[in-house]
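Undergrad: Contents of data_12.tsv (TSV, C-alpha atoms):
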```tsv
chain	number	residue	atom	x	y	z
A	1	MET	CA	-151.06	-40.97	151.67
A	2	TRP	CA	-150.28	-41.51	155.34
A	3	VAL	CA	-153.02	-44.10	155.56
A	4	ALA	CA	-151.45	-45.91	152.61
A	5	ILE	CA	-148.12	-45.95	154.43
A	6	TYR	CA	-149.54	-47.24	157.70
A	7	GLY	CA	-151.78	-49.66	155.81
A	8	THR	CA	-148.72	-51.87	155.35
A	9	PHE	CA	-148.50	-52.29	159.13
A	10	VAL	CA	-152.10	-53.44	159.23
A	11	LEU	CA	-151.59	-56.15	156.62
A	12	ASN	CA	-148.34	-57.56	158.00
A	13	PHE	CA	-149.35	-57.13	161.62
A	14	CYS	CA	-149.03	-60.87	162.21
A	15	ASP	CA	-145.28	-60.60	161.63
A	16	PHE	CA	-145.06	-58.77	164.95
A	17	THR	CA	-147.73	-60.63	166.92
A	18	ARG	CA	-146.74	-64.16	165.96
A	19	ASN	CA	-144.68	-64.51	169.14
A	20	ALA	CA	-147.19	-62.86	171.48
A	21	VAL	CA	-148.07	-64.93	174.53
A	22	SER	CA	-151.78	-64.03	174.47
A	23	ARG	CA	-154.42	-61.87	172.82
A	24	LYS	CA	-154.41	-59.63	175.88
A	25	ALA	CA	-150.71	-58.98	175.36
A	26	ILE	CA	-151.42	-57.94	171.76
A	27	THR	CA	-154.18	-55.57	172.85
A	28	ARG	CA	-152.02	-54.04	175.56
A	29	GLY	CA	-149.08	-53.62	173.19
A	30	ASN	CA	-151.27	-51.99	170.57
A	31	PHE	CA	-152.69	-49.51	173.05
A	32	PHE	CA	-149.33	-48.30	174.30
A	33	GLY	CA	-147.47	-48.74	171.02
A	34	ILE	CA	-149.86	-47.14	168.54
A	35	PRO	CA	-152.28	-44.44	169.80
A	36	LEU	CA	-150.22	-43.23	172.77
A	37	ASN	CA	-146.91	-43.50	170.95
A	38	MET	CA	-148.19	-41.73	167.84
A	39	LEU	CA	-149.85	-39.02	169.93
A	40	PHE	CA	-146.58	-38.41	171.79
A	41	PHE	CA	-144.58	-37.98	168.59
A	42	ALA	CA	-147.35	-35.93	166.98
A	43	VAL	CA	-147.09	-33.46	169.86
A	44	ILE	CA	-143.32	-33.26	169.32
A	45	VAL	CA	-143.82	-32.57	165.61
A	46	VAL	CA	-146.33	-29.80	166.31
A	47	MET	CA	-144.01	-28.23	168.88
A	48	LEU	CA	-141.02	-28.30	166.52
A	49	SER	CA	-142.96	-26.89	163.59
A	50	GLY	CA	-144.55	-24.23	165.78
A	51	SER	CA	-141.20	-23.25	167.27
A	52	GLN	CA	-139.68	-22.89	163.82
A	53	TYR	CA	-142.59	-20.68	162.80
A	54	LEU	CA	-142.01	-18.43	165.81
A	55	ILE	CA	-138.33	-18.13	164.91
A	56	ASP	CA	-138.57	-17.03	161.28
A	57	GLY	CA	-142.23	-17.30	160.25
A	58	GLU	CA	-141.63	-20.44	158.20
A	59	ILE	CA	-143.42	-23.74	158.75
A	60	ILE	CA	-141.13	-26.71	158.14
A	61	THR	CA	-142.82	-30.08	157.92
A	62	SER	CA	-139.87	-32.24	156.85
A	63	PRO	CA	-137.73	-33.62	159.72
A	64	ALA	CA	-134.62	-33.34	157.54
A	65	ASP	CA	-135.29	-29.64	156.92
A	66	ILE	CA	-135.82	-29.04	160.63
A	67	VAL	CA	-132.50	-30.68	161.44
A	68	GLU	CA	-130.77	-28.70	158.71
A	69	ALA	CA	-132.07	-25.45	160.19
A	70	ILE	CA	-130.42	-26.03	163.60
A	71	PRO	CA	-127.74	-23.30	163.99
A	72	ASN	CA	-125.64	-25.04	166.67
A	73	THR	CA	-123.13	-27.56	165.28
A	74	THR	CA	-123.23	-29.89	168.28
A	75	LEU	CA	-127.01	-29.99	168.36
A	76	LEU	CA	-127.04	-30.39	164.58
A	77	VAL	CA	-124.83	-33.50	164.78
A	78	LEU	CA	-126.92	-35.00	167.59
A	79	ALA	CA	-130.16	-34.31	165.74
A	80	ALA	CA	-128.75	-35.79	162.51
A	81	LEU	CA	-127.70	-38.96	164.35
A	82	ALA	CA	-131.13	-39.21	165.96
A	83	LEU	CA	-132.79	-38.78	162.55
A	84	ILE	CA	-130.61	-41.52	161.05
A	85	ILE	CA	-131.43	-43.92	163.90
A	86	VAL	CA	-135.15	-43.20	163.64
A	87	THR	CA	-135.11	-43.62	159.86
A	88	VAL	CA	-133.36	-46.98	160.09
A	89	ALA	CA	-135.63	-48.19	162.91
A	90	VAL	CA	-138.84	-47.20	161.12
A	91	ASN	CA	-137.74	-48.80	157.86
A	92	LEU	CA	-136.73	-52.00	159.62
A	93	ILE	CA	-140.23	-52.32	161.03
A	94	ALA	CA	-142.25	-51.01	158.10
A	95	ASN	CA	-140.32	-52.27	155.08
A	96	PHE	CA	-137.86	-54.93	156.19
A	97	VAL	CA	-139.61	-57.47	158.41
A	98	ALA	CA	-142.47	-58.34	156.04
A	99	PRO	CA	-140.33	-59.30	153.00
A	100	ILE	CA	-137.97	-61.26	155.25
A	101	TYR	CA	-140.79	-63.48	156.47
A	102	MET	CA	-142.15	-63.69	152.93
A	103	PHE	CA	-138.85	-65.03	151.59
A	104	THR	CA	-138.44	-67.48	154.47
A	105	ASP	CA	-141.98	-68.76	153.85
A	106	LEU	CA	-141.41	-69.11	150.10
A	107	PHE	CA	-138.00	-70.80	150.35
A	108	PRO	CA	-137.79	-72.34	153.84
A	109	ARG	CA	-135.20	-74.90	152.76
A	110	TYR	CA	-132.75	-72.32	151.50
A	111	LEU	CA	-133.37	-69.07	153.36
A	112	THR	CA	-133.14	-68.41	157.06
A	113	PHE	CA	-134.23	-65.17	158.69
A	114	ALA	CA	-130.71	-63.75	158.35
A	115	ARG	CA	-130.30	-64.80	154.72
A	116	SER	CA	-133.69	-63.38	153.83
A	117	GLY	CA	-132.65	-60.12	155.44
A	118	LEU	CA	-129.56	-60.02	153.23
A	119	VAL	CA	-131.63	-60.73	150.11
A	120	THR	CA	-134.09	-58.00	151.05
A	121	ALA	CA	-131.29	-55.50	151.63
A	122	ILE	CA	-129.70	-56.28	148.25
A	123	LEU	CA	-133.02	-55.93	146.44
A	124	GLY	CA	-133.58	-52.65	148.26
A	125	LEU	CA	-130.31	-51.33	146.85
A	126	ILE	CA	-131.00	-52.60	143.34
A	127	ILE	CA	-134.27	-50.69	142.94
A	128	LEU	CA	-132.51	-47.42	143.95
A	129	PRO	CA	-135.35	-46.07	146.12
A	130	TRP	CA	-133.66	-42.68	146.57
A	131	ASN	CA	-134.28	-41.97	142.88
A	132	LEU	CA	-137.97	-42.62	143.44
A	133	TYR	CA	-137.96	-40.35	146.47
A	134	ASN	CA	-136.59	-37.49	144.37
A	135	SER	CA	-139.72	-37.51	142.22
A	136	PRO	CA	-142.87	-36.25	144.00
A	137	VAL	CA	-144.98	-37.50	141.09
A	138	VAL	CA	-143.65	-41.04	141.46
A	139	ILE	CA	-144.24	-40.96	145.21
A	140	GLU	CA	-147.79	-39.72	144.76
A	141	TYR	CA	-148.71	-42.29	142.15
A	142	PHE	CA	-146.88	-45.15	143.84
A	143	LEU	CA	-148.37	-44.53	147.28
A	144	GLY	CA	-151.74	-43.67	145.76
A	145	GLY	CA	-151.79	-46.91	143.79
A	146	LEU	CA	-150.47	-48.87	146.75
A	147	GLY	CA	-153.14	-47.51	149.05
A	148	ALA	CA	-155.80	-48.17	146.42
A	149	VAL	CA	-154.87	-51.85	146.45
A	150	LEU	CA	-154.16	-52.25	150.16
A	151	GLY	CA	-157.51	-50.73	151.12
A	152	PRO	CA	-159.58	-53.48	149.44
A	153	VAL	CA	-157.22	-56.15	150.81
A	154	PHE	CA	-157.78	-54.78	154.29
A	155	GLY	CA	-161.54	-54.67	153.73
A	156	VAL	CA	-161.70	-58.30	152.62
A	157	ILE	CA	-159.59	-59.46	155.57
A	158	ILE	CA	-161.59	-57.50	158.13
A	159	ALA	CA	-164.93	-58.63	156.70
A	160	ASP	CA	-163.82	-62.26	156.77
A	161	TYR	CA	-162.23	-62.17	160.22
A	162	TRP	CA	-164.62	-59.94	162.15
A	163	LEU	CA	-167.97	-60.17	160.36
A	164	ILE	CA	-167.95	-63.70	158.94
A	165	ARG	CA	-165.76	-65.66	161.35
A	166	ARG	CA	-166.36	-63.48	164.44
A	167	ALA	CA	-162.63	-63.60	165.30
A	168	ARG	CA	-162.57	-67.40	165.28
A	169	ILE	CA	-159.45	-68.89	163.69
A	170	ASN	CA	-158.34	-72.48	163.21
A	171	VAL	CA	-154.63	-71.81	163.63
A	172	PRO	CA	-153.31	-75.33	162.82
A	173	ASP	CA	-155.18	-75.34	159.51
A	174	LEU	CA	-153.48	-72.09	158.52
A	175	TYR	CA	-150.25	-74.08	158.26
A	176	ASP	CA	-151.70	-77.23	156.69
A	177	ASN	CA	-152.33	-77.65	152.97
A	178	LYS	CA	-154.58	-80.70	153.24
A	179	ALA	CA	-157.66	-80.57	151.02
A	180	THR	CA	-159.98	-81.00	154.01
A	181	GLY	CA	-158.56	-77.97	155.83
A	182	ASP	CA	-160.69	-74.96	156.68
A	183	TYR	CA	-158.63	-72.71	154.42
A	184	TYR	CA	-157.97	-74.95	151.43
A	185	TYR	CA	-160.85	-73.45	149.41
A	186	VAL	CA	-160.15	-74.21	145.71
A	187	ASN	CA	-156.64	-75.63	145.39
A	188	GLY	CA	-155.53	-73.30	148.15
A	189	TYR	CA	-157.09	-70.13	146.71
A	190	ASN	CA	-160.10	-68.29	148.08
A	191	LEU	CA	-161.66	-67.38	144.73
A	192	ARG	CA	-164.52	-65.52	146.38
A	193	ALA	CA	-162.06	-63.23	148.16
A	194	ILE	CA	-160.16	-62.67	144.92
A	195	GLY	CA	-163.43	-61.97	143.14
A	196	ALA	CA	-164.26	-59.31	145.73
A	197	LEU	CA	-160.76	-57.83	145.70
A	198	ILE	CA	-160.32	-57.28	141.96
A	199	PRO	CA	-163.32	-55.01	141.26
A	200	ALA	CA	-162.82	-53.10	144.51
A	201	ALA	CA	-159.15	-52.51	143.67
A	202	LEU	CA	-159.90	-51.43	140.10
A	203	ILE	CA	-162.51	-48.92	141.23
A	204	THR	CA	-160.23	-47.54	143.93
A	205	ILE	CA	-157.23	-47.26	141.60
A	206	ILE	CA	-159.32	-45.17	139.23
A	207	ILE	CA	-160.43	-42.93	142.10
A	208	ALA	CA	-156.87	-42.58	143.38
A	209	LEU	CA	-155.06	-41.90	140.10
A	210	VAL	CA	-157.53	-40.33	137.65
A	211	PRO	CA	-157.44	-36.51	137.98
A	212	TYR	CA	-161.22	-36.25	137.56
A	213	PHE	CA	-161.65	-37.82	141.01
A	214	ASP	CA	-159.10	-35.61	142.79
A	215	SER	CA	-161.63	-34.56	145.41
A	216	PHE	CA	-162.04	-38.22	146.43
A	217	SER	CA	-158.48	-39.46	145.91
A	218	GLU	CA	-157.38	-38.67	149.46
A	219	PHE	CA	-160.06	-41.06	150.70
A	220	SER	CA	-159.24	-43.86	148.24
A	221	TRP	CA	-157.95	-46.19	150.96
A	222	PHE	CA	-161.16	-45.89	152.97
A	223	ILE	CA	-163.31	-46.25	149.86
A	224	GLY	CA	-161.36	-49.32	148.81
A	225	ALA	CA	-161.61	-50.87	152.26
A	226	GLY	CA	-165.37	-50.32	152.29
A	227	LEU	CA	-165.84	-51.71	148.79
A	228	GLY	CA	-163.64	-54.73	149.48
A	229	ALA	CA	-165.58	-55.54	152.64
A	230	LEU	CA	-168.95	-55.00	150.94
A	231	PHE	CA	-168.15	-57.12	147.90
A	232	TYR	CA	-166.77	-59.91	150.06
A	233	LEU	CA	-169.81	-59.93	152.31
A	234	ILE	CA	-171.95	-60.34	149.19
A	235	VAL	CA	-170.03	-63.31	147.76
A	236	ALA	CA	-168.69	-64.96	150.94
A	237	ASP	CA	-169.49	-68.61	151.56
A	238	ARG	CA	-171.30	-68.67	154.88
A	239	SER	CA	-171.72	-72.45	154.81
A	240	MET	CA	-168.00	-73.06	155.38
A	241	PRO	CA	-166.90	-74.53	158.72
A	242	ILE	CA	-165.83	-71.93	161.27
A	243	ARG	CA	-163.83	-73.29	164.18
A	244	ASP	CA	-161.75	-71.58	166.83
A	245	VAL	CA	-158.73	-73.82	167.37
A	246	SER	CA	-155.65	-72.80	169.34
A	247	GLY	CA	-152.24	-73.01	167.75
A	248	GLU	CA	-150.50	-74.11	170.94
A	249	PRO	CA	-150.30	-77.80	169.89
A	250	ILE	CA	-148.17	-76.90	166.85
A	251	ALA	CA	-146.22	-74.03	168.41
A	252	ILE	CA	-142.43	-74.25	168.46
A	253	PRO	CA	-139.87	-71.96	170.11
A	254	SER	CA	-138.83	-69.01	167.97
A	255	VAL	CA	-135.35	-69.31	166.45
A	256	HIS	CA	-135.09	-65.63	165.51
```
Please go through the file and, once you have read it, give me the structure as structure tokens.
TA:
Amino acid sequence: MWVAIYGTFVLNFCDFTRNAVSRKAITRGNFFGIPLNMLFFAVIVVMLSGSQYLIDGEIITSPADIVEAIPNTTLLVLAALALIIVTVAVNLIANFVAPIYMFTDLFPRYLTFARSGLVTAILGLIILPWNLYNSPVVIEYFLGGLGAVLGPVFGVIIADYWLIRRARINVPDLYDNKATGDYYYVNGYNLRAIGALIPAALITIIIALVPYFDSFSEFSWFIGAGLGALFYLIVADRSMPIRDVSGEPIAIPSVH
């Protein structure tokens, strides 16, 4: 389930690296921002849960429950404020940035970054996510199904970028819809990638959601990623042009 959650970061990673000055800057940011940062907070979680266990013999894994158990009013208020800030910050990064860029890309004439943010916020209220959160079954099936689909998507992308293209990207052609572009494929669609994605996703969804495969469901994301990569490697067109072209000639200053 956690892999399914963090899988969203993997797929919309470019939303955060699009303004990076170099690949080295991306690598450095990833090193300090992901493994070290997550390890630091993981240690804090273990310490808090362990401390609570020493106090009353109960292991609390939910941050909200840990805050609620604080006996001192002042510390309780401070912890609640910290939890609110962290919740907002995490959701801004994980769930807010990607749809904003999606809307601005779909309707560039009508939506700016700020307007897309407003649209995203309104849609977030309309779907009433707190009702979904109150149902563990919905969370399990939603995240399980989401991970089952995101895994194959990740596998196809990684196979194409690392194994087929060897990290070579023609950046200008990514933003050009001319028929002679490297990424035009068939009317703008990579049918081979779609053909690899669909069976991998179907297999992984069955593994994730059908009770018979409960023993494998926790690994559905990894299975899907492997299947997506394998299927794509089988059907990929290796005769296509692969060029490594910098995007500097078309770069413009960020307005966000």
Undergrad: In terms of the shortest atom-to-atom distance over only C-alpha atoms, which of A:Val10, A:Ile205, A:Leu132, A:Val245 is closest to Ala98 (chain A)?
TA: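 Of the candidates, the smallest distance to Ala98 (chain A) is held by A:Val10.
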Undergrad: Grab the CA of Ala80 (chain A) to CA of Ile60 (chain A) distance for me, in Å with one decimal place.
TA: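 Separation of CA of Ala80 (chain A) and CA of Ile60 (chain A): 16.0 Å.
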Undergrad: Grab the CA of Ser246 (chain A) to CA of Val171 (chain A) distance for me, in Å with one decimal place.
TA: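 Those two atoms sit 5.9 Å apart.
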Undergrad: I need the residue nearest Gly124 (chain A) from this list: A:Ala167, A:Ala82, A:Val45, A:Ile100. Use only C-alpha atoms for the distance.
TA: A:Ile100
Undergrad: What's the separation between CA of Thr204 (chain A) and CA of Ser220 (chain A), in Å to one decimal place?
TA: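 About the pair CA of Thr204 (chain A) and CA of Ser220 (chain A): they are 5.8 Å apart.
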Undergrad: Kindly indicate which residue among A:Leu123, A:Ile250, A:Arg192, A:Asp160 lies nearest to Asp176 (chain A), using only C-alpha atoms for the distances.
TA: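 For Asp176 (chain A), the nearest of the given residues is A:Ile250.
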Undergrad: Determine the nearest neighbour of Trp162 (chain A) from the options A:Ala229, A:Ala114, A:Leu78, A:Val43, counting all atoms listed in the file.
TA: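 Of all the options, A:Ala229 lies closest to Trp162 (chain A).
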Undergrad: If we count only C-alpha atoms, what is near Phe154 (chain A) at a cut-off of 9 Å, once residues fewer than 4 positions away on the same chain are taken out, given as a PyMOL selection string?
TA: chain A and resi 7+10-11+149-150+158-159+224-225+228-229
Undergrad: Quick one: write out the picked residues with C-alpha atoms as a PDB file, in the coordinates of the input?
TA:
```pdb
ATOM      1  CA  GLY A   7    -151.780 -49.660 155.810  1.00  0.00           C
ATOM      2  CA  VAL A  10    -152.100 -53.440 159.230  1.00  0.00           C
ATOM      3  CA  LEU A  11    -151.590 -56.150 156.620  1.00  0.00           C
ATOM      4  CA  VAL A 149    -154.870 -51.850 146.450  1.00  0.00           C
ATOM      5  CA  LEU A 150    -154.160 -52.250 150.160  1.00  0.00           C
ATOM      6  CA  ILE A 158    -161.590 -57.500 158.130  1.00  0.00           C
ATOM      7  CA  ALA A 159    -164.930 -58.630 156.700  1.00  0.00           C
ATOM      8  CA  GLY A 224    -161.360 -49.320 148.810  1.00  0.00           C
ATOM      9  CA  ALA A 225    -161.610 -50.870 152.260  1.00  0.00           C
ATOM     10  CA  GLY A 228    -163.640 -54.730 149.480  1.00  0.00           C
ATOM     11  CA  ALA A 229    -165.580 -55.540 152.640  1.00  0.00           C
TER      12      ALA A 229
END
```
Undergrad: Find the residues around Ile223 (chain A) up to 9 Å (only C-alpha atoms counted), leave out those fewer than 6 positions away in its own chain, and share them as a PyMOL selection string.
TA: chain A and resi 148+151-152+200+204+207+216
Undergrad: Listed atoms of region 56-75 of chain A, axis-aligned box, 8 Å per side: centre and edge lengths to one decimal in Å, as lines of an AutoDock Vina configuration file?
TA:
```
center_x = -133.3
center_y = -25.3
center_z = 162.6
size_x = 36.3
size_y = 32.6
size_z = 27.5
```
Undergrad: Point out the residue among A:Met47, A:Ile26, A:Leu197, A:Val235 with the least atom-to-atom distance to Gly155 (chain A), counting all atoms listed in the file.
TA: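 Smallest distance to Gly155 (chain A) is found for A:Leu197.
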Undergrad: Which residue is closest to Arg166 (chain A)? Choose from A:Phe222, A:Gly145, A:Ile242, A:Lys178 and count only C-alpha atoms.
TA: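 The closest residue to Arg166 (chain A) is A:Ile242.
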Undergrad: Around the point (-160.3, -70.7, 162.0) in the file's coordinates, collect all residues with an atom within 12 Å, using all atoms listed in the file, and return them as a PyMOL selection string.
TA: chain A and resi 160-162+164-175+181-184+240-247
Undergrad: Around (-135.4, -58.3, 151.6) in the file's frame, which residues reach within 12 Å when counting all atoms listed in the file? Return as a PyMOL selection string?
TA: chain A and resi 91-92+94-104+111-127
